[in-house]
Amino acid sequence: MTTVLITGASAGLGAAFARGFAAKGCDLILVARDKARLESLAAELGREFGAGCEVLPADLLDGRQCAAVAERLADPTRPVDVLVNNAGFGLPAPFPYNPVEDEERMLDLLVRVPLRLTHALLPGLRARRRGAVLNVASVAALLPTGTYGAAKAWVTAFSESLRVDMEPYGVRVLAVVPGFTRTEFQERAGMDVSALRDAVWLEPEAVVAKALRDLARRRPVSITGRRYQAYALAARHLPRGFVARRMARTRRPPAGSDA
């Protein structure tokens with residue numbers, strides 16, 4: 001029986017990953033701040049799939065609580081086979097207009113936390129010579145899209161490098177690179193997405209299904225949908241100056257700034 005620990009599991013992509021792995025017969029460890037939502041999801045997955053679910057409420061930006069999750073990942077008596085680093089949030093304005101404390105919190109959650117949790121799990125995976133790490137990045141990583149995109153670029157590069165390091169041990173590493181996905185993320189970030197057409201939106205279940213297929217195929221990166229696959233191809237090959245100028249048109253100071 002495979003045991004999967006998922007961060008940010010209470011909603012959105014995290015909850016979709018929980019359902020996807022539960023449908024495959026996996027046991028789950030669900031991590032998020034909202035204990036009530038985790039317990040509701042655990043009960044639902046137990047009823048629908050018979051999944052064994054351990055609820056582990058934690059604010060990963062709290063050092064002690066993050067350490068508790070790391071200790072659970074490293075526990076040799078209760079091995080974890082798969083880690084999904086999914087927890088994250090965005091900010092509503094470009095970097096110059098956000099409080100630096102908010103920027104640091106976002107950087108910690110998107111970079112430091114997955115680094116620490118992954119490091120806690122790897123010794124067990126190497127010893128057992130199996131398992132996987134899935135790191136949720138974003139297509140924002142492909143273009144100059146602020147510090148959120150920069151952090152997600154780190155996630156993608158980290159995943160691809162780690163994949164090389166872990167391949168001799170039979171451990172798979174996948175960067176999941178979704179585009180705009182129908183979750184609570186945009187609302188929580190205060191993003192105005194009213195101008196986006198329906199065609200650009202992905203369903204979280206589609207992102208997870210594609211990720212699990214790509215994981216089984218041992219691919220390094222998972223991008224859902226031809227639109228975003230073409231987007232990724234263009235981003236890699238267009239001149240960076242051209243791309244930066246195009247992106248600058250979409251990035252404006254917030255109302256009331258001194259710009």
# chains A, B, ... in the order shown; residues from 1 in each chain; ligands from 1
>>> select_by_dssp(residues="range 57-224 of chain A", states="helix (DSSP H, G or I)", output="number ranges by chain")
A: 63-74, 95-97, 100-128, 139-142, 146-169, 185-189, 198-200, 204-216
>>> residues_around(residues="Glu205 in chain A", least_positions_apart="2", cutoff="8 Å", atoms="only C-alpha atoms", output="mmCIF file with N, CA and C atoms, in the first residue's frame")
data_model
loop_
_atom_site.group_PDB
_atom_site.id
_atom_site.type_symbol
_atom_site.label_atom_id
_atom_site.label_comp_id
_atom_site.auth_asym_id
_atom_site.auth_seq_id
_atom_site.Cartn_x
_atom_site.Cartn_y
_atom_site.Cartn_z
ATOM 1 N N LEU A 13 -6.126 22.098 -6.073
ATOM 2 C CA LEU A 13 -5.308 21.018 -6.616
ATOM 3 C C LEU A 13 -4.934 20.000 -5.551
ATOM 4 N N ALA A 16 -7.755 17.699 -5.170
ATOM 5 C CA ALA A 16 -7.856 16.876 -6.384
ATOM 6 C C ALA A 16 -6.782 15.801 -6.406
ATOM 7 N N PHE A 17 -5.573 16.129 -5.966
ATOM 8 C CA PHE A 17 -4.536 15.100 -5.851
ATOM 9 C C PHE A 17 -4.943 14.033 -4.845
ATOM 10 N N GLY A 20 -7.335 11.810 -6.564
ATOM 11 C CA GLY A 20 -6.666 11.021 -7.590
ATOM 12 C C GLY A 20 -5.878 9.864 -7.016
ATOM 13 N N GLU A 203 -9.564 22.408 -15.368
ATOM 14 C CA GLU A 203 -10.179 21.836 -14.176
ATOM 15 C C GLU A 203 -9.099 21.123 -13.369
ATOM 16 N N VAL A 207 -5.757 18.427 -14.442
ATOM 17 C CA VAL A 207 -4.340 18.631 -14.131
ATOM 18 C C VAL A 207 -3.782 17.419 -13.392
ATOM 19 N N VAL A 208 -4.544 16.918 -12.423
ATOM 20 C CA VAL A 208 -4.086 15.775 -11.639
ATOM 21 C C VAL A 208 -4.016 14.512 -12.501
ATOM 22 N N ALA A 209 -5.024 14.283 -13.322
ATOM 23 C CA ALA A 209 -5.017 13.090 -14.176
ATOM 24 C C ALA A 209 -3.801 13.093 -15.094
#
>>> closest_residue(among="A:Leu202, A:Leu142, A:Leu212, A:Ala43", to="Val84 in chain A", atoms="only C-alpha atoms")
A:Leu212
>>> closest_residue(among="A:Leu162, A:Ala9, A:Ala153, A:Leu38", to="Ala140 in chain A", atoms="only C-alpha atoms")
A:Ala153
>>> closest_residue(among="A:Ala211, A:Gly146, A:Thr118, A:Leu30", to="Tyr97 in chain A", atoms="only C-alpha atoms")
A:Gly146
>>> select_by_dssp(residues="range 28-190 of chain A", states="strand (DSSP E or B)", output="NGL selection string")
:A and (28-32 or 53-57 or 82-85 or 132-136 or 172-176 or 181)
>>> residues_around(residues="Tyr169 in chain A", least_positions_apart="6", cutoff="9 Å", atoms="only C-alpha atoms", output="short mmCIF file (atom, residue, chain, number, x, y, z; two decimals) with N, CA, C and O atoms, in the first residue's frame")
data_model
loop_
_atom_site.label_atom_id
_atom_site.label_comp_id
_atom_site.auth_asym_id
_atom_site.auth_seq_id
_atom_site.Cartn_x
_atom_site.Cartn_y
_atom_site.Cartn_z
N LEU A 125 13.29 7.25 0.94
CA LEU A 125 13.05 6.83 -0.45
C LEU A 125 14.30 6.17 -1.03
O LEU A 125 14.20 5.16 -1.74
N ARG A 126 15.48 6.74 -0.74
CA ARG A 126 16.71 6.13 -1.24
C ARG A 126 16.91 4.74 -0.66
O ARG A 126 17.30 3.81 -1.37
N ALA A 127 16.64 4.59 0.64
CA ALA A 127 16.84 3.29 1.28
C ALA A 127 15.89 2.24 0.72
O ALA A 127 16.28 1.08 0.53
N ARG A 128 14.65 2.63 0.44
CA ARG A 128 13.66 1.69 -0.08
C ARG A 128 13.74 1.56 -1.60
O ARG A 128 13.10 0.70 -2.18
N ARG A 129 14.47 2.49 -2.24
CA ARG A 129 14.69 2.50 -3.69
C ARG A 129 13.37 2.54 -4.46
O ARG A 129 13.18 1.87 -5.46
N ARG A 130 12.49 3.36 -3.98
CA ARG A 130 11.22 3.60 -4.69
C ARG A 130 10.56 4.84 -4.09
O ARG A 130 10.97 5.32 -3.04
#
>>> residues_around(residues="Thr224 in chain A", least_positions_apart="2", cutoff="9 Å", atoms="only C-alpha atoms", output="PyMOL selection string")
chain A and resi 176-179+202+206-208+210-211+222+226-229
>>> write_last_selection(atoms="N, CA, C and O atoms", output="short mmCIF file (atom, residue, chain, number, x, y, z; two decimals), in the first residue's frame")
data_model
loop_
_atom_site.label_atom_id
_atom_site.label_comp_id
_atom_site.auth_asym_id
_atom_site.auth_seq_id
_atom_site.Cartn_x
_atom_site.Cartn_y
_atom_site.Cartn_z
N VAL A 176 4.94 19.58 -11.74
CA VAL A 176 3.59 19.76 -12.29
C VAL A 176 3.43 21.25 -12.59
O VAL A 176 3.56 22.09 -11.70
N VAL A 177 3.14 21.57 -13.85
CA VAL A 177 3.17 22.96 -14.32
C VAL A 177 1.80 23.34 -14.88
O VAL A 177 1.59 23.34 -16.09
N PRO A 178 0.84 23.65 -14.01
CA PRO A 178 -0.50 23.99 -14.49
C PRO A 178 -0.60 25.43 -14.96
O PRO A 178 0.17 26.30 -14.53
N GLY A 179 -1.58 25.67 -15.83
CA GLY A 179 -1.95 27.04 -16.18
C GLY A 179 -3.07 27.49 -15.25
O GLY A 179 -3.20 27.03 -14.12
N LEU A 202 -8.42 25.51 -16.75
CA LEU A 202 -8.31 24.07 -16.59
C LEU A 202 -9.08 23.64 -15.36
O LEU A 202 -9.20 24.40 -14.40
N ALA A 206 -8.38 17.52 -14.25
CA ALA A 206 -7.63 17.28 -15.49
C ALA A 206 -6.13 17.44 -15.25
O ALA A 206 -5.32 16.66 -15.78
N VAL A 207 -5.76 18.43 -14.44
CA VAL A 207 -4.34 18.63 -14.13
C VAL A 207 -3.78 17.42 -13.39
O VAL A 207 -2.68 16.93 -13.69
N VAL A 208 -4.54 16.92 -12.42
CA VAL A 208 -4.09 15.77 -11.64
C VAL A 208 -4.02 14.51 -12.50
O VAL A 208 -3.04 13.75 -12.41
N LYS A 210 -3.49 14.25 -15.68
CA LYS A 210 -2.32 14.35 -16.56
C LYS A 210 -1.03 14.14 -15.76
O LYS A 210 -0.10 13.44 -16.21
N ALA A 211 -0.97 14.70 -14.56
CA ALA A 211 0.22 14.54 -13.73
C ALA A 211 0.45 13.08 -13.36
O ALA A 211 1.59 12.59 -13.41
N SER A 222 5.05 17.98 -16.25
CA SER A 222 3.68 17.70 -16.69
C SER A 222 2.96 19.02 -16.94
O SER A 222 2.80 19.83 -16.02
N ARG A 226 -3.13 21.43 -24.71
CA ARG A 226 -2.30 21.85 -25.85
C ARG A 226 -2.01 23.34 -25.82
O ARG A 226 -0.93 23.78 -26.24
N ARG A 227 -2.96 24.14 -25.35
CA ARG A 227 -2.75 25.58 -25.27
C ARG A 227 -1.51 25.90 -24.41
O ARG A 227 -0.64 26.67 -24.81
N TYR A 228 -1.44 25.29 -23.24
CA TYR A 228 -0.32 25.58 -22.34
C TYR A 228 0.95 24.89 -22.77
O TYR A 228 2.06 25.39 -22.50
N GLN A 229 0.85 23.77 -23.46
CA GLN A 229 2.05 23.14 -24.00
C GLN A 229 2.66 24.01 -25.09
O GLN A 229 3.89 24.17 -25.16
#
>>> atom_distance(atom1="CA of Ala32 in chain A", atom2="CA of Ser138 in chain A")
19.9 Å
>>> closest_residue(among="A:Val136, A:Ala51, A:Leu121, A:Leu115", to="Lys24 in chain A", atoms="only C-alpha atoms")
A:Ala51
>>> atom_distance(atom1="CA of Gly131 in chain A", atom2="CA of Ala87 in chain A")
19.9 Å
>>> atom_distance(atom1="CA of Ala67 in chain A", atom2="CA of His119 in chain A")
11.7 Å
>>> residues_around(residues="Lys152 in chain A", least_positions_apart="6", cutoff="12 Å", atoms="only C-alpha atoms", output="PyMOL selection string")
chain A and resi 85-90+106-112+114+135-146+158-159+175-178
>>> write_last_selection(atoms="N, CA, C and O atoms", output="short mmCIF file (atom, residue, chain, number, x, y, z; two decimals), in the first residue's frame")
data_model
loop_
_atom_site.label_atom_id
_atom_site.label_comp_id
_atom_site.auth_asym_id
_atom_site.auth_seq_id
_atom_site.Cartn_x
_atom_site.Cartn_y
_atom_site.Cartn_z
N ASN A 85 4.21 18.37 -2.96
CA ASN A 85 4.42 19.73 -2.46
C ASN A 85 3.51 20.67 -3.24
O ASN A 85 3.83 21.10 -4.35
N ASN A 86 2.37 20.98 -2.65
CA ASN A 86 1.36 21.75 -3.35
C ASN A 86 1.00 23.06 -2.66
O ASN A 86 0.49 23.97 -3.31
N ALA A 87 1.26 23.20 -1.37
CA ALA A 87 0.83 24.39 -0.64
C ALA A 87 1.45 25.65 -1.24
O ALA A 87 2.62 25.67 -1.61
N GLY A 88 0.64 26.69 -1.30
CA GLY A 88 1.16 27.95 -1.83
C GLY A 88 0.10 29.03 -1.86
O GLY A 88 -1.07 28.78 -1.63
N PHE A 89 0.54 30.25 -2.13
CA PHE A 89 -0.38 31.36 -2.34
C PHE A 89 0.30 32.40 -3.21
O PHE A 89 1.53 32.37 -3.40
N GLY A 90 -0.48 33.31 -3.76
CA GLY A 90 0.04 34.40 -4.57
C GLY A 90 -0.29 35.74 -3.95
O GLY A 90 -1.02 35.82 -2.96
N MET A 106 5.63 34.38 1.15
CA MET A 106 5.36 33.62 -0.08
C MET A 106 6.60 32.84 -0.51
O MET A 106 6.50 31.66 -0.88
N LEU A 107 7.75 33.48 -0.45
CA LEU A 107 8.99 32.80 -0.83
C LEU A 107 9.25 31.60 0.07
O LEU A 107 9.64 30.53 -0.40
N ASP A 108 9.02 31.77 1.36
CA ASP A 108 9.22 30.66 2.29
C ASP A 108 8.31 29.48 1.94
O ASP A 108 8.76 28.32 1.93
N LEU A 109 7.03 29.76 1.68
CA LEU A 109 6.09 28.66 1.43
C LEU A 109 6.35 27.99 0.10
O LEU A 109 6.19 26.76 -0.03
N LEU A 110 6.75 28.77 -0.90
CA LEU A 110 6.94 28.19 -2.24
C LEU A 110 8.30 27.56 -2.44
O LEU A 110 8.46 26.67 -3.29
N VAL A 111 9.31 27.96 -1.65
CA VAL A 111 10.68 27.48 -1.86
C VAL A 111 11.22 26.74 -0.64
O VAL A 111 11.60 25.57 -0.71
N ARG A 112 11.28 27.42 0.49
CA ARG A 112 11.91 26.81 1.66
C ARG A 112 11.15 25.58 2.15
O ARG A 112 11.77 24.56 2.50
N PRO A 114 8.98 23.34 0.53
CA PRO A 114 9.18 22.11 -0.24
C PRO A 114 10.61 21.59 -0.19
O PRO A 114 10.83 20.38 -0.19
N ASN A 135 6.21 18.16 -7.34
CA ASN A 135 6.28 19.57 -6.95
C ASN A 135 5.39 20.40 -7.87
O ASN A 135 5.60 20.40 -9.09
N VAL A 136 4.41 21.07 -7.28
CA VAL A 136 3.49 21.87 -8.09
C VAL A 136 4.13 23.22 -8.38
O VAL A 136 4.34 24.03 -7.47
N ALA A 137 4.45 23.46 -9.65
CA ALA A 137 5.00 24.73 -10.11
C ALA A 137 3.88 25.51 -10.79
O ALA A 137 2.75 25.51 -10.32
N SER A 138 4.16 26.16 -11.90
CA SER A 138 3.16 26.95 -12.60
C SER A 138 3.72 27.39 -13.94
O SER A 138 4.94 27.56 -14.08
N VAL A 139 2.83 27.62 -14.91
CA VAL A 139 3.30 28.20 -16.17
C VAL A 139 3.83 29.61 -15.95
O VAL A 139 4.56 30.14 -16.80
N ALA A 140 3.48 30.24 -14.82
CA ALA A 140 4.05 31.54 -14.50
C ALA A 140 5.57 31.48 -14.41
O ALA A 140 6.25 32.50 -14.55
N ALA A 141 6.10 30.27 -14.17
CA ALA A 141 7.55 30.11 -14.07
C ALA A 141 8.25 30.30 -15.41
O ALA A 141 9.47 30.50 -15.45
N LEU A 142 7.50 30.24 -16.49
CA LEU A 142 8.12 30.26 -17.81
C LEU A 142 8.40 31.66 -18.33
O LEU A 142 9.14 31.83 -19.29
N LEU A 143 7.79 32.67 -17.69
CA LEU A 143 7.89 34.04 -18.17
C LEU A 143 8.19 34.98 -17.01
O LEU A 143 8.02 34.60 -15.84
N PRO A 144 8.61 36.21 -17.27
CA PRO A 144 8.85 37.16 -16.19
C PRO A 144 7.53 37.64 -15.58
O PRO A 144 6.95 38.64 -16.00
N THR A 145 7.05 36.91 -14.59
CA THR A 145 5.74 37.17 -14.00
C THR A 145 5.85 37.45 -12.51
O THR A 145 5.05 36.99 -11.72
N GLY A 146 6.89 38.18 -12.12
CA GLY A 146 7.01 38.59 -10.73
C GLY A 146 7.65 37.54 -9.85
O GLY A 146 8.17 36.52 -10.32
N PHE A 158 14.49 22.96 -9.50
CA PHE A 158 14.80 22.05 -8.39
C PHE A 158 14.31 20.64 -8.72
O PHE A 158 15.03 19.66 -8.50
N SER A 159 13.11 20.53 -9.26
CA SER A 159 12.53 19.22 -9.58
C SER A 159 13.35 18.50 -10.64
O SER A 159 13.64 17.29 -10.52
N ALA A 175 7.78 17.74 -11.95
CA ALA A 175 7.30 19.11 -11.81
C ALA A 175 5.95 19.21 -12.50
O ALA A 175 5.83 18.94 -13.70
N VAL A 176 4.94 19.58 -11.74
CA VAL A 176 3.59 19.76 -12.29
C VAL A 176 3.43 21.25 -12.59
O VAL A 176 3.56 22.09 -11.70
N VAL A 177 3.14 21.57 -13.85
CA VAL A 177 3.17 22.96 -14.32
C VAL A 177 1.80 23.34 -14.88
O VAL A 177 1.59 23.34 -16.09
N PRO A 178 0.84 23.65 -14.01
CA PRO A 178 -0.50 23.99 -14.49
C PRO A 178 -0.60 25.43 -14.96
O PRO A 178 0.17 26.30 -14.53
#
>>> residues_around(residues="Arg172 in chain A", least_positions_apart="3", cutoff="7 Å", atoms="only C-alpha atoms", output="list in words")
Gly131, Ala132, Val133, Arg163, Met166, Glu167 and Arg218 of chain A
